[in-house]
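Chemist: There's a structure below that I have some questions on.
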Amino acid sequence: MFFKINNQLYSGRFFLFILLIMIYSFNSNNDNFSGSGFFSVSSLLKYGILSLCIFFELLAYFSKKRLNSATLLLDNFKKFFYFFVMVALISTSLSIRSSEFTLRIIQTFIFVFAPMLYAFLVINTWNKSEIHAAFKLGLLISIIGYVYSTKIGISGILENLSTIDYQNTNSTVLESSTFALLSVGFAGFFCYFKKGYFWKFLSVLFVILTFKRQITLTAILLLIFGFFNIRRKKVSRYIFIMSAVVLMVFAFAYYYAIEPQHIVEFSQVLGVDLRSFSTNRTDRLNWLLNSDFQTYGFGSSTDYMYKTFGGFALEMDIVQLYVEMGGIGIIMFIISYLSFAKHNLYVYVFMCLLIINSIFSSGMASTFAWIVILMGMASIMVENNDALKEVNHE
């Protein structure tokens, strides 16, 4: 089904995506919805709409395939598939060994891999104008949802902006884990394009409002990089290997440094209170390592901690991968995500910054944010490939 607006055709799937963003933006912090966890009314509504989105995209994709159309970015998205298979095999093995299983393992799979499937389908079934229009409308809806979630209005937000202190994460009510990754997904997309300054600065302002330090730094760096030729560069083999190694070393070193038996020593050596730097997340690792927890697969630490520590989780993706699947989990995560992005240097830098965020914080299972992130990254890579083809034909 198609709808015509200002002589432009938009598919019904376009409006399903907008509905998805709207429901996420206005329901995530809505206390009027009963229940908790995956089976709350809010979650059922969000994931119900997401299921419809994927279902209709699948229909559109296979209809297109019958016309023998080329598949875009198949090799890129295959890298996620390899990660998925590895995670599934390790999780199954650990679950059998420990004789323990929980629906949260399946839930975590859904949260992490649904965005990959949806983004792949969208990039192969939508046209460029639909994607650009969806991001513009999605950004506006998200900002309105964010303002609504603060419950202080525009005047309250402006007042809080004047008192922001990035050394103290509790200095403002503007901080939002719900909207931080979502906002940087929009910013990463708009900062790539040389035109559209209004959308660039609006999306970056949105990131700043969510008050997440590393996410804010990511948006500002992408805004700067978007003005240079990095937009069109490819990633050399040397850069890929070096960056992958550096990220792995950094990830393992950070885990080692925040272990309970090392954190005081490394805090003194670095001159940084790692406990305070992590906003006390290191305490959660301490609780887990001093408990009787034994991993039973992807998402098992979250399941265990929710049951044992009253709803707390590690909230550090890399640390979670390590305690649940060992070093292989970290290595495969970094290689798979970097391999997806390696055909465009701007997208690659964006992905590297997101992986750094995963070392310090959580977000890997932020389904709706990663839908926007991966749709944006995929669209950039397709547009970059098209631009390079035009240059070669001239």
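Letters A, B, ... mark the chains of the structure tokens in the order given; residue numbers begin at 1 per chain; ligand numbers begin at 1, in order shown.
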Write out as a PyMOL selection string the residues lying within 9 Å of Ala114 (chain A), counting only C-alpha atoms and excluding same-chain residues fewer than 6 positions away.
Modeler: chain A and resi 50+54+367+371
Chemist: Mind writing the picked residues with N, CA, C and O atoms as a CSV table (one decimal), in the first residue's frame?
Modeler:
```csv
chain,number,residue,atom,x,y,z
A,50,LEU,N,7.0,-3.6,16.2
A,50,LEU,CA,8.2,-4.0,15.5
A,50,LEU,C,8.0,-5.3,14.8
A,50,LEU,O,8.6,-5.4,13.6
A,54,ILE,N,8.8,-5.8,10.7
A,54,ILE,CA,9.6,-6.8,10.1
A,54,ILE,C,8.8,-7.7,9.2
A,54,ILE,O,9.3,-8.1,8.1
A,367,THR,N,17.2,-2.1,21.4
A,367,THR,CA,16.7,-2.5,20.1
A,367,THR,C,16.3,-1.3,19.2
A,367,THR,O,16.8,-1.2,18.0
A,371,ILE,N,18.1,0.1,15.7
A,371,ILE,CA,17.3,0.2,14.4
A,371,ILE,C,17.7,1.5,13.7
A,371,ILE,O,18.0,1.4,12.5
```
Chemist: Please, which residues in region 277-361 of chain A fall within 8 Å of region 73-96 of chain A when counting only C-alpha atoms, and what is the closest atom pair and distance in Å to one decimal for each, ordered by chain then residue number, as CSV?
Modeler:
```
residue,atom,partner,partner_atom,distance
A:Thr295,CA,A:Leu94,CA,6.8
A:Tyr296,CA,A:Ser95,CA,4.4
A:Gly297,CA,A:Ser91,CA,3.9
A:Phe298,CA,A:Ser91,CA,5.7
A:Met325,CA,A:Ile90,CA,7.0
A:Gly329,CA,A:Val87,CA,7.4
A:Met332,CA,A:Phe83,CA,6.2
A:Phe333,CA,A:Phe83,CA,6.7
A:Ser336,CA,A:Lys79,CA,5.2
A:Tyr337,CA,A:Phe80,CA,6.9
A:Ser339,CA,A:Lys79,CA,6.4
A:Phe340,CA,A:Asn76,CA,4.5
A:Ala341,CA,A:Asn76,CA,7.3
```
Chemist: Would you work out the distance separating CA of Tyr192 (chain A) from CA of Gly226 (chain A), expressed in Å to one decimal?
Modeler: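 Between these atoms lies a distance of 4.7 Å.
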Chemist: Running DSSP on the backbone, which parts of region 62-187 of chain A land in alpha helix (DSSP H), as a PyMOL selection string?
Modeler: chain A and resi 62-65+74-98+103-125+128-150+153-161+177-187
Chemist: If we count only C-alpha atoms and set the cut-off at 10 Å, which residues sit around Tyr254 (chain A), ignoring sequence neighbours fewer than 5 positions away in its own chain? Please answer as a ChimeraX atom specification.
Modeler: /A:248-249,259,263,266,274,318-319,359-360
Chemist: So, with only C-alpha atoms as the atoms that count, which of A:Thr108, A:Ser51, A:Ser177, A:Ser63 lies closest to Ala369 (chain A)?
Modeler: A:Ser177
Chemist: Nearest residue to Leu158 (chain A) out of A:Ala60, A:Cys53, A:Leu174, A:Leu221, using only C-alpha atoms?
Modeler: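 Result for the nearest residue to Leu158 (chain A): A:Leu174.
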Chemist: My list of candidates is A:Ile258, A:Ile373, A:Ile230, A:Ile106. Which is closest to Tyr346 (chain A) when distances are computed with only C-alpha atoms?
Modeler: A:Ile230
Chemist: Show me, as a ChimeraX atom specification, the residues that have an atom within 6 Å of Thr210 (chain A) when counting only C-alpha atoms, minus same-chain residues fewer than 4 positions from it.
Modeler: /A:174-176,180
Chemist: Can you work out the spacing between CA of Phe109 (chain A) and CA of Leu288 (chain A) in Å, to one decimal?
Modeler: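 Straight-line distance from CA of Phe109 (chain A) to CA of Leu288 (chain A) works out to 21.7 Å.
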Chemist: Between A:Ala257, A:Leu117, A:Ile331, A:Val184, which one has atoms that come closest to Leu209 (chain A), using only C-alpha atoms?
Modeler: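 Distance minimum relative to Leu209 (chain A) lands on A:Val184.
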Chemist: What does the distance between CA of Leu223 (chain A) and CA of Gly145 (chain A) come to in Å, to one decimal place?
Modeler: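 Computing the Euclidean distance for CA of Leu223 (chain A) and CA of Gly145 (chain A) yields 23.4 Å.
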